[in-house]
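Coordinates as given in target25.tsv (TSV, C-alpha atoms):
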chain	number	residue	atom	x	y	z
I	1	MET	CA	0.00	0.00	0.00
I	2	ALA	CA	2.72	2.45	1.04
I	3	THR	CA	4.80	1.58	-2.02
I	4	GLY	CA	1.94	2.46	-4.37
I	5	TYR	CA	1.38	5.86	-2.79
I	6	LEU	CA	5.10	6.61	-2.62
I	7	GLU	CA	5.34	5.87	-6.32
I	8	LEU	CA	2.73	8.54	-6.96
I	9	LEU	CA	4.38	11.11	-4.72
I	10	ARG	CA	7.74	10.53	-6.41
I	11	ALA	CA	6.26	11.58	-9.74
I	12	ARG	CA	7.46	15.02	-10.74
I	13	HIS	CA	5.25	17.84	-9.35
I	14	ALA	CA	2.81	15.39	-7.69
I	15	THR	CA	3.71	16.17	-4.07
I	16	ARG	CA	3.78	19.90	-4.70
I	17	LEU	CA	0.36	19.87	-6.34
I	18	LEU	CA	-1.22	17.70	-3.64
I	19	VAL	CA	0.23	19.65	-0.70
I	20	GLY	CA	-0.34	23.04	-2.33
I	21	THR	CA	-3.97	22.19	-3.04
I	22	LEU	CA	-4.57	20.96	0.50
I	23	VAL	CA	-3.02	24.11	1.97
I	24	GLY	CA	-4.95	26.27	-0.48
I	25	ARG	CA	-8.21	24.63	0.58
I	26	LEU	CA	-7.50	25.15	4.28
I	27	PRO	CA	-9.68	28.30	4.53
I	28	ASN	CA	-12.65	26.40	3.08
I	29	ALA	CA	-12.12	23.39	5.33
I	30	THR	CA	-11.98	25.53	8.45
I	31	ALA	CA	-14.42	28.31	7.53
I	32	ALA	CA	-17.34	27.04	9.60
I	33	ILE	CA	-15.44	26.63	12.86
I	34	ALA	CA	-13.36	29.80	12.32
I	35	ILE	CA	-16.49	31.90	11.71
I	36	VAL	CA	-18.30	30.44	14.71
I	37	LEU	CA	-15.35	31.02	17.06
I	38	PHE	CA	-14.85	34.57	15.78
I	39	VAL	CA	-18.53	35.52	16.14
I	40	ARG	CA	-18.62	34.13	19.67
I	41	ALA	CA	-15.44	36.07	20.53
I	42	GLU	CA	-17.17	39.22	19.24
I	43	GLY	CA	-20.10	38.57	21.59
I	44	GLY	CA	-22.49	37.31	18.92
I	45	THR	CA	-25.03	34.55	19.42
I	46	TYR	CA	-24.79	30.98	18.24
I	47	SER	CA	-27.68	31.69	15.90
I	48	LEU	CA	-25.75	34.51	14.25
I	49	ALA	CA	-22.61	32.38	14.06
I	50	GLY	CA	-24.49	29.50	12.46
I	51	ALA	CA	-26.26	31.81	10.01
I	52	LEU	CA	-23.00	33.39	8.87
I	53	ALA	CA	-21.38	29.98	8.47
I	54	ALA	CA	-24.39	28.88	6.41
I	55	VAL	CA	-24.10	31.97	4.19
I	56	TYR	CA	-20.46	31.10	3.53
I	57	GLY	CA	-21.44	27.53	2.65
I	58	VAL	CA	-24.22	28.54	0.27
I	59	ALA	CA	-22.03	31.13	-1.46
I	60	ASN	CA	-19.28	28.55	-1.78
I	61	ALA	CA	-21.68	26.05	-3.34
I	62	VAL	CA	-22.74	28.68	-5.90
I	63	GLY	CA	-19.22	29.86	-6.68
I	64	GLN	CA	-17.46	26.52	-7.21
I	65	PRO	CA	-19.06	25.49	-10.53
I	66	VAL	CA	-19.02	29.07	-11.83
I	67	LEU	CA	-15.32	29.47	-11.13
I	68	GLY	CA	-14.71	25.92	-12.38
I	69	ARG	CA	-16.21	26.88	-15.75
I	70	LEU	CA	-13.99	29.98	-15.84
I	71	VAL	CA	-10.94	27.79	-15.17
I	72	ASP	CA	-11.89	25.58	-18.11
I	73	LEU	CA	-12.26	28.66	-20.31
I	74	ARG	CA	-9.34	30.80	-19.09
I	75	GLY	CA	-6.84	28.45	-17.48
I	76	GLN	CA	-5.93	27.87	-13.85
I	77	PRO	CA	-3.53	30.75	-12.97
I	78	ARG	CA	-5.84	33.47	-14.35
I	79	VAL	CA	-8.74	32.32	-12.19
I	80	GLN	CA	-7.45	30.40	-9.15
I	81	LEU	CA	-5.03	32.98	-7.75
I	82	PRO	CA	-7.24	36.09	-8.16
I	83	ALA	CA	-10.14	34.16	-6.62
I	84	ALA	CA	-7.98	33.09	-3.65
I	85	VAL	CA	-6.83	36.68	-3.07
I	86	LEU	CA	-10.37	38.07	-3.29
I	87	SER	CA	-11.68	35.41	-0.91
I	88	ALA	CA	-8.90	36.12	1.61
I	89	LEU	CA	-9.44	39.89	1.37
I	90	ALA	CA	-13.17	39.46	1.97
I	91	MET	CA	-12.50	37.35	5.05
I	92	ALA	CA	-9.98	39.94	6.25
I	93	VAL	CA	-12.70	42.61	5.98
I	94	PHE	CA	-14.93	40.42	8.12
I	95	ALA	CA	-12.11	39.87	10.64
I	96	PHE	CA	-11.46	43.62	11.04
I	97	VAL	CA	-15.08	44.84	10.86
I	98	GLY	CA	-16.62	42.13	13.04
I	99	THR	CA	-20.36	41.57	13.14
I	100	GLU	CA	-21.28	45.27	12.92
I	101	PRO	CA	-22.32	46.81	10.62
I	102	ALA	CA	-24.28	43.72	9.75
I	103	ALA	CA	-24.51	44.41	6.00
I	104	VAL	CA	-20.72	44.56	5.68
I	105	ALA	CA	-20.23	41.41	7.75
I	106	TRP	CA	-22.77	39.37	5.79
I	107	GLY	CA	-21.49	40.68	2.45
I	108	ALA	CA	-17.86	39.92	3.33
I	109	VAL	CA	-18.63	36.37	4.41
I	110	ALA	CA	-20.70	35.78	1.26
I	111	ALA	CA	-17.90	37.14	-0.94
I	112	ALA	CA	-15.33	34.95	0.82
I	113	GLY	CA	-17.40	31.85	0.07
I	114	LEU	CA	-18.26	32.89	-3.47
I	115	PHE	CA	-14.63	33.47	-4.49
I	116	THR	CA	-13.19	30.34	-2.88
I	117	PRO	CA	-10.99	28.96	-5.69
I	118	PRO	CA	-11.94	25.55	-7.15
I	119	LEU	CA	-8.57	24.02	-6.29
I	120	GLU	CA	-10.14	20.62	-5.66
I	121	GLY	CA	-11.49	20.27	-9.20
I	122	GLY	CA	-8.33	21.83	-10.59
I	123	LEU	CA	-6.11	19.22	-8.98
I	124	ARG	CA	-8.14	16.35	-10.42
I	125	ALA	CA	-7.87	17.90	-13.86
I	126	LEU	CA	-4.08	18.00	-13.47
I	127	TRP	CA	-3.48	14.40	-12.36
I	128	SER	CA	-3.53	12.98	-15.88
I	129	SER	CA	-0.84	15.44	-16.99
I	130	VAL	CA	1.42	14.43	-14.09
I	131	LEU	CA	0.81	10.68	-13.95
I	132	PRO	CA	1.23	8.73	-17.20
I	133	LYS	CA	-0.82	5.61	-16.39
I	134	GLU	CA	-4.57	5.26	-15.92
I	135	ASP	CA	-4.21	3.11	-12.80
I	136	GLN	CA	-1.96	5.77	-11.26
I	137	VAL	CA	-4.57	8.47	-11.91
I	138	HIS	CA	-7.24	6.33	-10.25
I	139	ARG	CA	-4.95	5.69	-7.28
I	140	ALA	CA	-4.31	9.44	-7.07
I	141	TYR	CA	-8.05	9.99	-6.77
I	142	ALA	CA	-8.08	7.62	-3.77
I	143	MET	CA	-5.07	9.39	-2.26
I	144	ASP	CA	-6.85	12.70	-2.81
I	145	ALA	CA	-9.94	11.43	-0.98
I	146	VAL	CA	-7.77	10.25	1.92
I	147	ALA	CA	-5.93	13.58	2.04
I	148	GLN	CA	-9.27	15.37	2.32
I	149	GLU	CA	-10.05	13.45	5.47
I	150	VAL	CA	-6.69	14.44	6.94
I	151	MET	CA	-7.30	18.09	6.06
I	152	PHE	CA	-10.79	18.18	7.54
I	153	THR	CA	-9.42	16.60	10.71
I	154	VAL	CA	-6.22	18.63	11.12
I	155	GLY	CA	-7.63	21.96	9.85
I	156	PRO	CA	-10.06	22.61	12.74
I	157	LEU	CA	-7.32	21.67	15.20
I	158	LEU	CA	-5.04	24.29	13.66
I	159	VAL	CA	-7.76	26.91	14.02
I	160	THR	CA	-8.29	26.12	17.70
I	161	VAL	CA	-4.53	26.28	18.29
I	162	CYS	CA	-4.36	29.71	16.61
I	163	VAL	CA	-7.29	30.91	18.71
I	164	SER	CA	-5.69	29.71	21.95
I	165	LEU	CA	-2.26	31.14	21.11
I	166	TRP	CA	-3.44	34.38	19.52
I	167	SER	CA	-7.11	35.22	18.90
I	168	ALA	CA	-10.10	34.24	16.79
I	169	GLN	CA	-9.43	37.24	14.57
I	170	GLY	CA	-5.82	36.15	14.16
I	171	ALA	CA	-6.95	32.63	13.24
I	172	LEU	CA	-9.14	34.00	10.43
I	173	LEU	CA	-6.31	36.12	9.04
I	174	VAL	CA	-3.60	33.46	9.31
I	175	VAL	CA	-5.62	30.62	7.81
I	176	ASN	CA	-6.69	32.68	4.81
I	177	ALA	CA	-3.19	34.05	4.23
I	178	VAL	CA	-1.83	30.52	4.28
I	179	GLY	CA	-4.57	29.52	1.82
I	180	VAL	CA	-3.39	32.15	-0.66
I	181	LEU	CA	0.15	30.80	-0.40
I	182	GLY	CA	-1.13	27.30	-1.12
I	183	ALA	CA	-3.02	28.49	-4.20
I	184	LEU	CA	0.06	30.43	-5.35
I	185	SER	CA	2.20	27.29	-5.03
I	186	VAL	CA	-0.18	25.41	-7.31
I	187	VAL	CA	-0.77	28.01	-10.03
I	188	VAL	CA	2.92	28.83	-10.55
I	189	SER	CA	3.78	25.14	-11.02
I	190	PRO	CA	4.57	24.03	-14.59
I	191	PRO	CA	1.61	21.60	-14.86
I	192	SER	CA	-0.88	24.29	-13.80
I	193	ARG	CA	0.59	26.92	-16.11
I	194	ALA	CA	0.72	24.49	-19.05
I	195	TRP	CA	-2.73	22.96	-18.56
I	196	ARG	CA	-5.38	23.86	-21.08
I	197	SER	CA	-8.89	22.54	-21.28
I	198	ALA	CA	-9.86	20.62	-24.40
I	199	PRO	CA	-11.96	22.53	-26.94
I	200	ARG	CA	-15.50	22.62	-25.62
I	201	GLU	CA	-18.87	22.69	-27.32
I	202	ALA	CA	-20.63	25.92	-26.39
I	203	HIS	CA	-23.67	25.16	-24.27
I	204	TRP	CA	-25.28	27.12	-21.46
I	205	LEU	CA	-25.59	23.98	-19.31
I	206	GLY	CA	-21.87	23.28	-19.53
I	207	ALA	CA	-20.99	20.06	-17.70
I	208	LEU	CA	-24.60	19.56	-16.63
I	209	ARG	CA	-25.63	18.53	-20.14
I	210	SER	CA	-24.13	15.09	-19.42
I	211	PRO	CA	-26.86	12.61	-18.33
I	212	GLY	CA	-24.28	10.43	-16.60
I	213	LEU	CA	-22.94	13.36	-14.57
I	214	LEU	CA	-26.46	14.38	-13.57
I	215	ALA	CA	-27.16	10.83	-12.35
I	216	LEU	CA	-23.94	10.83	-10.34
I	217	LEU	CA	-24.74	14.21	-8.78
I	218	GLY	CA	-28.19	12.97	-7.77
I	219	ALA	CA	-26.65	9.97	-6.04
I	220	PHE	CA	-24.07	12.04	-4.20
I	221	LEU	CA	-26.63	14.59	-3.10
I	222	ALA	CA	-28.07	11.74	-1.02
I	223	VAL	CA	-24.61	10.69	0.22
I	224	GLY	CA	-24.09	14.28	1.37
I	225	VAL	CA	-27.44	14.14	3.20
I	226	ALA	CA	-26.23	11.00	4.99
I	227	LEU	CA	-22.99	12.59	6.13
I	228	GLY	CA	-24.66	15.81	7.24
I	229	SER	CA	-27.30	13.93	9.19
I	230	ILE	CA	-24.66	12.04	11.18
I	231	THR	CA	-23.16	15.28	12.48
I	232	VAL	CA	-26.51	16.32	14.00
I	233	ALA	CA	-27.47	12.89	15.32
I	234	ALA	CA	-24.01	12.59	16.90
I	235	VAL	CA	-24.57	15.85	18.82
I	236	SER	CA	-27.81	14.45	20.24
I	237	TYR	CA	-26.06	11.20	21.18
I	238	ALA	CA	-23.16	13.04	22.82
I	239	ASP	CA	-25.53	15.15	24.90
I	240	GLU	CA	-26.92	11.92	26.37
I	241	HIS	CA	-23.60	10.07	26.77
I	242	GLY	CA	-20.90	12.38	28.07
I	243	GLY	CA	-20.78	15.67	26.18
I	244	ASP	CA	-18.46	17.28	23.66
I	245	HIS	CA	-15.54	14.86	23.97
I	246	VAL	CA	-17.80	11.97	22.93
I	247	TYR	CA	-18.90	13.97	19.88
I	248	GLY	CA	-15.25	14.62	19.03
I	249	TRP	CA	-14.42	10.92	19.21
I	250	MET	CA	-17.37	10.03	16.98
I	251	MET	CA	-16.39	12.55	14.31
I	252	ALA	CA	-12.78	11.35	14.52
I	253	GLY	CA	-14.09	7.80	14.09
I	254	ILE	CA	-15.81	8.72	10.82
I	255	GLY	CA	-12.60	10.31	9.59
I	256	LEU	CA	-10.46	7.37	10.68
I	257	GLY	CA	-12.75	4.92	8.94
I	258	ALA	CA	-12.58	6.96	5.73
I	259	LEU	CA	-8.78	7.09	6.00
I	260	ILE	CA	-8.51	3.33	6.38
I	261	GLY	CA	-11.00	2.59	3.62
I	262	GLY	CA	-9.54	5.10	1.17
I	263	ALA	CA	-5.98	3.94	1.76
I	264	ALA	CA	-6.94	0.30	1.22
I	265	TYR	CA	-9.03	1.09	-1.86
I	266	GLY	CA	-6.22	2.99	-3.55
I	267	ALA	CA	-3.64	0.31	-2.81
I	268	ARG	CA	-4.81	-1.98	-5.62
I	269	GLN	CA	-6.06	-1.84	-9.18
I	270	TRP	CA	-9.77	-2.47	-9.74
I	271	ALA	CA	-11.05	-4.27	-12.81
I	272	GLY	CA	-14.53	-3.93	-14.23
I	273	GLU	CA	-16.97	-1.11	-14.84
I	274	PRO	CA	-16.60	1.70	-12.24
I	275	ALA	CA	-20.36	2.40	-12.31
I	276	ARG	CA	-21.09	-1.12	-11.05
I	277	ARG	CA	-18.32	-0.81	-8.48
I	278	LEU	CA	-19.81	2.44	-7.21
I	279	GLN	CA	-23.16	0.71	-6.72
I	280	LEU	CA	-21.46	-1.89	-4.52
I	281	LEU	CA	-19.53	0.73	-2.54
I	282	VAL	CA	-22.64	2.84	-1.90
I	283	ALA	CA	-24.58	-0.29	-0.88
I	284	LEU	CA	-21.84	-1.14	1.65
I	285	LEU	CA	-21.82	2.49	2.82
I	286	ALA	CA	-25.58	2.39	3.45
I	287	VAL	CA	-25.36	-0.97	5.26
I	288	CYS	CA	-22.56	0.28	7.51
I	289	TYR	CA	-24.72	3.25	8.55
I	290	LEU	CA	-27.45	0.99	9.91
I	291	PRO	CA	-25.62	-0.28	13.06
I	292	LEU	CA	-25.50	3.33	14.31
I	293	MET	CA	-29.18	2.87	15.17
I	294	LEU	CA	-28.13	0.48	17.95
I	295	VAL	CA	-26.90	3.54	19.91
I	296	PRO	CA	-24.69	1.53	22.31
I	297	GLY	CA	-22.25	3.02	24.85
I	298	PRO	CA	-19.63	5.60	23.81
I	299	VAL	CA	-16.76	3.14	23.16
I	300	ALA	CA	-18.86	0.81	21.02
I	301	MET	CA	-20.48	3.78	19.29
I	302	THR	CA	-17.08	5.18	18.36
I	303	LEU	CA	-16.15	1.82	16.83
I	304	LEU	CA	-19.40	1.85	14.87
I	305	THR	CA	-18.58	5.30	13.48
I	306	VAL	CA	-15.24	3.95	12.25
I	307	ILE	CA	-17.15	1.21	10.41
I	308	ALA	CA	-19.62	3.80	9.08
I	309	GLY	CA	-16.76	5.76	7.53
I	310	LEU	CA	-14.97	2.83	5.87
I	311	PHE	CA	-16.59	3.08	2.44
I	312	LEU	CA	-16.93	6.88	2.23
I	313	ALA	CA	-13.52	7.67	0.72
I	314	PRO	CA	-13.63	4.66	-1.68
I	315	ALA	CA	-17.06	5.78	-2.94
I	316	ILE	CA	-15.78	9.33	-3.45
I	317	ALA	CA	-12.66	8.08	-5.26
I	318	CYS	CA	-14.78	5.90	-7.55
I	319	ALA	CA	-17.05	8.88	-8.21
I	320	PHE	CA	-14.00	10.87	-9.35
I	321	VAL	CA	-13.34	8.24	-12.02
I	322	LEU	CA	-16.92	8.53	-13.25
I	323	VAL	CA	-16.79	12.33	-13.31
I	324	ASP	CA	-13.65	11.96	-15.40
I	325	ARG	CA	-15.52	9.71	-17.81
I	326	HIS	CA	-18.79	11.62	-18.09
I	327	ALA	CA	-17.58	15.22	-18.15
I	328	PRO	CA	-18.13	16.65	-21.66
I	329	ARG	CA	-14.96	17.78	-23.38
I	330	GLY	CA	-13.62	21.03	-22.01
I	331	THR	CA	-15.66	20.95	-18.77
I	332	VAL	CA	-13.57	18.78	-16.46
I	333	THR	CA	-12.90	21.39	-13.76
I	334	GLU	CA	-16.51	22.53	-13.79
I	335	ALA	CA	-17.71	18.91	-13.54
I	336	PHE	CA	-15.58	18.17	-10.49
I	337	SER	CA	-16.69	21.45	-8.95
I	338	TRP	CA	-20.33	20.43	-9.40
I	339	LEU	CA	-19.60	17.27	-7.41
I	340	VAL	CA	-18.16	19.38	-4.58
I	341	THR	CA	-21.19	21.68	-4.67
I	342	THR	CA	-23.69	18.84	-4.71
I	343	PHE	CA	-22.03	17.11	-1.78
I	344	THR	CA	-21.98	20.37	0.18
I	345	VAL	CA	-25.65	21.08	-0.51
I	346	GLY	CA	-26.55	17.51	0.45
I	347	ALA	CA	-24.70	17.82	3.76
I	348	SER	CA	-26.55	21.07	4.49
I	349	LEU	CA	-29.88	19.42	3.70
I	350	GLY	CA	-28.93	16.53	5.99
I	351	THR	CA	-28.20	18.78	8.93
I	352	GLY	CA	-31.41	20.74	8.38
I	353	LEU	CA	-33.54	17.59	8.03
I	354	THR	CA	-32.12	15.66	10.96
I	355	GLY	CA	-32.65	18.34	13.58
I	356	PRO	CA	-36.46	18.08	13.49
I	357	VAL	CA	-36.21	14.27	13.21
I	358	VAL	CA	-34.16	14.09	16.42
I	359	GLU	CA	-36.51	16.47	18.23
I	360	ALA	CA	-39.54	14.43	17.17
I	361	GLY	CA	-38.23	10.88	17.52
I	362	GLY	CA	-34.96	10.99	19.44
I	363	THR	CA	-31.39	10.01	18.67
I	364	LEU	CA	-32.23	6.57	17.26
I	365	TRP	CA	-34.35	8.04	14.47
I	366	GLY	CA	-31.68	10.63	13.81
I	367	PHE	CA	-29.27	7.80	13.01
I	368	ALA	CA	-31.92	6.23	10.75
I	369	VAL	CA	-31.56	9.16	8.32
I	370	PRO	CA	-28.05	8.28	7.01
I	371	GLY	CA	-29.06	4.68	6.31
I	372	LEU	CA	-32.16	5.86	4.47
I	373	ALA	CA	-30.20	8.46	2.50
I	374	GLY	CA	-27.62	5.83	1.57
I	375	GLY	CA	-30.43	3.63	0.31
I	376	VAL	CA	-31.79	6.49	-1.81
I	377	SER	CA	-28.34	7.00	-3.33
I	378	LEU	CA	-28.15	3.31	-4.21
I	379	VAL	CA	-31.60	3.40	-5.84
I	380	VAL	CA	-30.53	6.38	-7.96
I	381	LEU	CA	-27.38	4.57	-9.10
I	382	ILE	CA	-29.28	1.40	-9.97
I	383	ALA	CA	-32.06	3.28	-11.77
I	384	THR	CA	-29.53	5.20	-13.88
I	385	GLY	CA	-27.14	2.28	-14.36
I	386	ARG	CA	-27.39	2.28	-18.16
I	387	VAL	CA	-26.69	5.99	-18.37
I	388	MET	CA	-23.75	5.71	-15.97
I	389	ALA	CA	-22.20	2.85	-17.93
I	390	VAL	CA	-22.10	4.92	-21.19
I	391	PRO	CA	-23.25	2.36	-23.80
I	392	ALA	CA	-20.94	2.14	-26.80
I	393	GLY	CA	-23.63	3.37	-29.17
I	394	ARG	CA	-23.87	6.70	-27.36
I	395	ALA	CA	-20.18	7.38	-26.87
I	396	VAL	CA	-17.35	8.92	-28.79
I	397	VAL	CA	-13.62	8.52	-28.27
I	398	ALA	CA	-11.96	11.86	-27.84
I	399	ALA	CA	-8.90	12.42	-29.97
I	400	ARG	CA	-7.17	13.96	-27.01
I	401	SER	CA	-8.86	14.55	-23.66
I	402	GLU	CA	-7.40	16.67	-20.91
I	403	ASN	CA	-9.13	14.60	-18.26
I	404	ASP	CA	-8.46	11.11	-19.59
I	405	PRO	CA	-5.17	10.42	-21.40
I	406	ASN	CA	-6.31	6.84	-21.99
I	407	ARG	CA	-9.26	8.01	-24.09
I	408	ALA	CA	-12.11	6.77	-21.97
I	409	LEU	CA	-15.55	6.96	-23.50
I	410	GLU	CA	-17.33	10.28	-23.23
I	411	PRO	CA	-20.99	11.11	-23.92
I	412	ARG	CA	-21.82	12.32	-27.41
I	413	PHE	CA	-23.80	15.55	-27.79
I	414	ARG	CA	-25.51	16.75	-30.92
I	415	SER	CA	-24.34	19.93	-32.58
I	416	GLY	CA	-27.92	21.15	-32.18
I	417	ASP	CA	-27.24	21.42	-28.45
I	418	ARG	CA	-24.98	24.38	-29.02
I	419	ALA	CA	-25.96	27.57	-27.24
Just give me the structure as structure tokens.
Amino acid sequence: MATGYLELLRARHATRLLVGTLVGRLPNATAAIAIVLFVRAEGGTYSLAGALAAVYGVANAVGQPVLGRLVDLRGQPRVQLPAAVLSALAMAVFAFVGTEPAAVAWGAVAAAGLFTPPLEGGLRALWSSVLPKEDQVHRAYAMDAVAQEVMFTVGPLLVTVCVSLWSAQGALLVVNAVGVLGALSVVVSPPSRAWRSAPREAHWLGALRSPGLLALLGAFLAVGVALGSITVAAVSYADEHGGDHVYGWMMAGIGLGALIGGAAYGARQWAGEPARRLQLLVALLAVCYLPLMLVPGPVAMTLLTVIAGLFLAPAIACAFVLVDRHAPRGTVTEAFSWLVTTFTVGASLGTGLTGPVVEAGGTLWGFAVPGLAGGVSLVVLIATGRVMAVPAGRAVVAARSENDPNRALEPRFRSGDRA
């Protein structure tokens, strides 16, 4: 396993791109906790803190596919770095102004989310230019999914350390400044500067004109609901079984499970159709959510959260392969950004849905939501199986594709679909 990942990291530019992207995405990964801690330090309420964090999340979900399309049209350096600077400046305005005047605070937070650079989609567009073999690109997707779990675990810890050593305002400024440096490291690299999107067919829907991509987004909207619902149900469980430290262990368990599963998944080559493999992975993901309804003691519950997280990163990595395959020519960054947006929206829906469920039925029914959402995702994948598999009669081999050097099949679109 370690040998396979080391082989990837030894490839020229690979480590720089991976680390730079992770650092560049640090502001996004820590935005929710950094905003909440800052608002509380300013004397604001939890309601205000949550609302501002939600505004950032919604703006981010809107901005990712828009900026992703601009990257496909204009290249990475001309979009990623200005967006990172604008996002950091907006967050700096929020850090210096505080919560009053309210219009400035809300506008600054919204702008920070809207201009968050689509580094995640950009990295996945670059892998095929750095790694020469298809199996290496697929393994890089798994490594990317694992690295996300590390970032979302370590990032909040870094924010709390900055707050304790300095201040909540300082944490906002430092994290966003570091994010700009990460984006700068990526966009000045030779692969980023040399990357160009394949010629695209003009269409107002962009990447969303792909039926296969739409099916995948529908499935992962439900996966996002499942993950978001766990965060709320876990709070309810922790309140009944020991408090915040129990909640922390449960969230760490989800991350640990995803780390283990993603690392194991990327350690080997997988034969067969990725669409069928994704169905199996999502089915296992849904099944592993069900034992959470047992709501045992804290130690056993933490172990169950590890199991619940095992197939999350493998499912995400497999989804990356399918995005690669179904993205219309010239829309690869936008397509990956849509996956990020859909997952984020799903997680927000999950948190909003599970709160009333817990209040009405208790913790047990809160943990029923992720299993149900996982089942819905599986149904979507099965119902759209033919579209996801890209039948040969509806596909065309690209002469040269920026997102698949091995010329995987891509959906064919009629010239009449032009804008």
Open item on the list: Need the shell around Ala373 of chain I: protein/DNA/RNA residues with any atom at most 10 Å away, counting all atoms listed in the file. Skip same-chain ones fewer than 5 positions apart. Format as a list in words?
Closed with: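 Returned residues: Ala219, Phe220, Leu221, Ala222, Val223, Gly224, Val225, Ala226, Leu227, Ser229, Ala286, Tyr289, Gly346, Gly350, Ala368, Leu378 and Val379 of chain I.
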TODO: Find the residue from I:Met301, I:Leu205, I:Leu214, I:Ala59 that sits nearest to Ala238 of chain I; use only C-alpha atoms when measuring.
DONE: I:Met301
Task: Residue with smallest distance to Pro156 of chain I - pool I:Ala315, I:Val36, I:Met388, I:Leu303, counting all atoms listed in the file - done: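 Among I:Ala315, I:Val36, I:Met388, I:Leu303, it is I:Val36 that comes nearest to Pro156 of chain I.
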Task: Gap from atom CA of Arg139 of chain I to atom CA of Gln269 of chain I - Å, one decimal - done: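 The value is 7.8 Å.
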- [ ] Kindly give the distance, in Å, that separates atom CA of Pro118 of chain I and atom CA of Leu9 of chain I, rounded to a single decimal.
- [x]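 Taking atom CA of Pro118 of chain I and atom CA of Leu9 of chain I, their separation equals 21.9 Å.
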Open item on the list: I'd like the interatomic distance between atom CA of Ala125 of chain I and atom CA of Leu86 of chain I, to a tenth of an Å.
Closed with: 22.9 Å
Would you mind listing, for every residue of segment 109-182 of chain I within 8 Å of segment 61-72 of chain I, the two atoms forming the shortest contact and the distance between them in Å to one decimal, using only C-alpha atoms, sorted by chain and ascending residue number, as a Markdown table?
| residue | atom | partner | partner_atom | distance |
| --- | --- | --- | --- | --- |
| I:Gly113 | CA | I:Gly63 | CA | 7.3 |
| I:Leu114 | CA | I:Gly63 | CA | 4.5 |
| I:Phe115 | CA | I:Gly63 | CA | 6.2 |
| I:Thr116 | CA | I:Gly63 | CA | 7.1 |
| I:Pro117 | CA | I:Leu67 | CA | 7.0 |
| I:Pro118 | CA | I:Gln64 | CA | 5.6 |
| I:Gly121 | CA | I:Gly68 | CA | 7.2 |
| I:Gly122 | CA | I:Gly68 | CA | 7.8 |
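The shortest atom-to-atom distance to Ile260 of chain I, with only C-alpha atoms taken into account, belongs to I:Gly309 out of I:Ala34, I:Cys318, I:Gly309, I:Leu158.
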Open item on the list: Residues within 7 Å of segment 43-53 of chain I, please, as a PyMOL selection string. Count all atoms listed in the file; anything in the same chain fewer than 5 positions from it doesn't count.
Closed with: chain I and resi 32+35-36+106+109
Open item on the list: For segment 356-364 of chain I, find every residue with an atom within 7 Å (counting all atoms listed in the file), except residues of its own chain fewer than 4 positions away, and show them as a list of chain:residue names.
Closed with: I:Ala233, I:Ser236, I:Tyr237, I:Met293, I:Val295, I:Ala368
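The residue that comes closest to Ala347 of chain I, out of I:Pro370, I:Asp135, I:Ser189, I:Gly266 and on the basis of all atoms listed in the file, is I:Pro370.
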TODO: Find, counting only C-alpha atoms, the residue in I:Leu290, I:Ala207, I:Ser192, I:Val154 that gets nearest to Val79 of chain I.
DONE: I:Ser192
Would you mind putting back N, CA, C and O atoms on segment 22-29 of chain I, then writing it out as a PDB file, in the frame of the given file?
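Just written: selection-v7.pdb:
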ATOM      1  N   LEU I  22      -4.042  21.139  -0.851  1.00  0.00           N
ATOM      2  CA  LEU I  22      -4.570  20.960   0.500  1.00  0.00           C
ATOM      3  C   LEU I  22      -4.416  22.235   1.327  1.00  0.00           C
ATOM      4  O   LEU I  22      -5.336  22.652   2.036  1.00  0.00           O
ATOM      5  N   VAL I  23      -3.244  22.864   1.231  1.00  0.00           N
ATOM      6  CA  VAL I  23      -3.020  24.110   1.970  1.00  0.00           C
ATOM      7  C   VAL I  23      -3.933  25.206   1.437  1.00  0.00           C
ATOM      8  O   VAL I  23      -4.506  25.993   2.202  1.00  0.00           O
ATOM      9  N   GLY I  24      -4.089  25.263   0.116  1.00  0.00           N
ATOM     10  CA  GLY I  24      -4.950  26.270  -0.480  1.00  0.00           C
ATOM     11  C   GLY I  24      -6.409  26.114  -0.098  1.00  0.00           C
ATOM     12  O   GLY I  24      -7.161  27.091  -0.057  1.00  0.00           O
ATOM     13  N   ARG I  25      -6.828  24.884   0.190  1.00  0.00           N
ATOM     14  CA  ARG I  25      -8.210  24.630   0.580  1.00  0.00           C
ATOM     15  C   ARG I  25      -8.434  24.739   2.084  1.00  0.00           C
ATOM     16  O   ARG I  25      -9.562  24.558   2.559  1.00  0.00           O
ATOM     17  N   LEU I  26      -7.378  25.053   2.831  1.00  0.00           N
ATOM     18  CA  LEU I  26      -7.500  25.150   4.280  1.00  0.00           C
ATOM     19  C   LEU I  26      -8.558  26.168   4.726  1.00  0.00           C
ATOM     20  O   LEU I  26      -9.340  25.891   5.645  1.00  0.00           O
ATOM     21  N   PRO I  27      -8.638  27.354   4.102  1.00  0.00           N
ATOM     22  CA  PRO I  27      -9.680  28.300   4.530  1.00  0.00           C
ATOM     23  C   PRO I  27     -11.092  27.726   4.371  1.00  0.00           C
ATOM     24  O   PRO I  27     -11.954  27.962   5.222  1.00  0.00           O
ATOM     25  N   ASN I  28     -11.326  26.989   3.296  1.00  0.00           N
ATOM     26  CA  ASN I  28     -12.650  26.400   3.080  1.00  0.00           C
ATOM     27  C   ASN I  28     -12.942  25.304   4.099  1.00  0.00           C
ATOM     28  O   ASN I  28     -14.050  25.200   4.619  1.00  0.00           O
ATOM     29  N   ALA I  29     -11.930  24.499   4.394  1.00  0.00           N
ATOM     30  CA  ALA I  29     -12.120  23.390   5.330  1.00  0.00           C
ATOM     31  C   ALA I  29     -12.370  23.858   6.750  1.00  0.00           C
ATOM     32  O   ALA I  29     -13.004  23.149   7.540  1.00  0.00           O
TER      33      ALA I  29
END
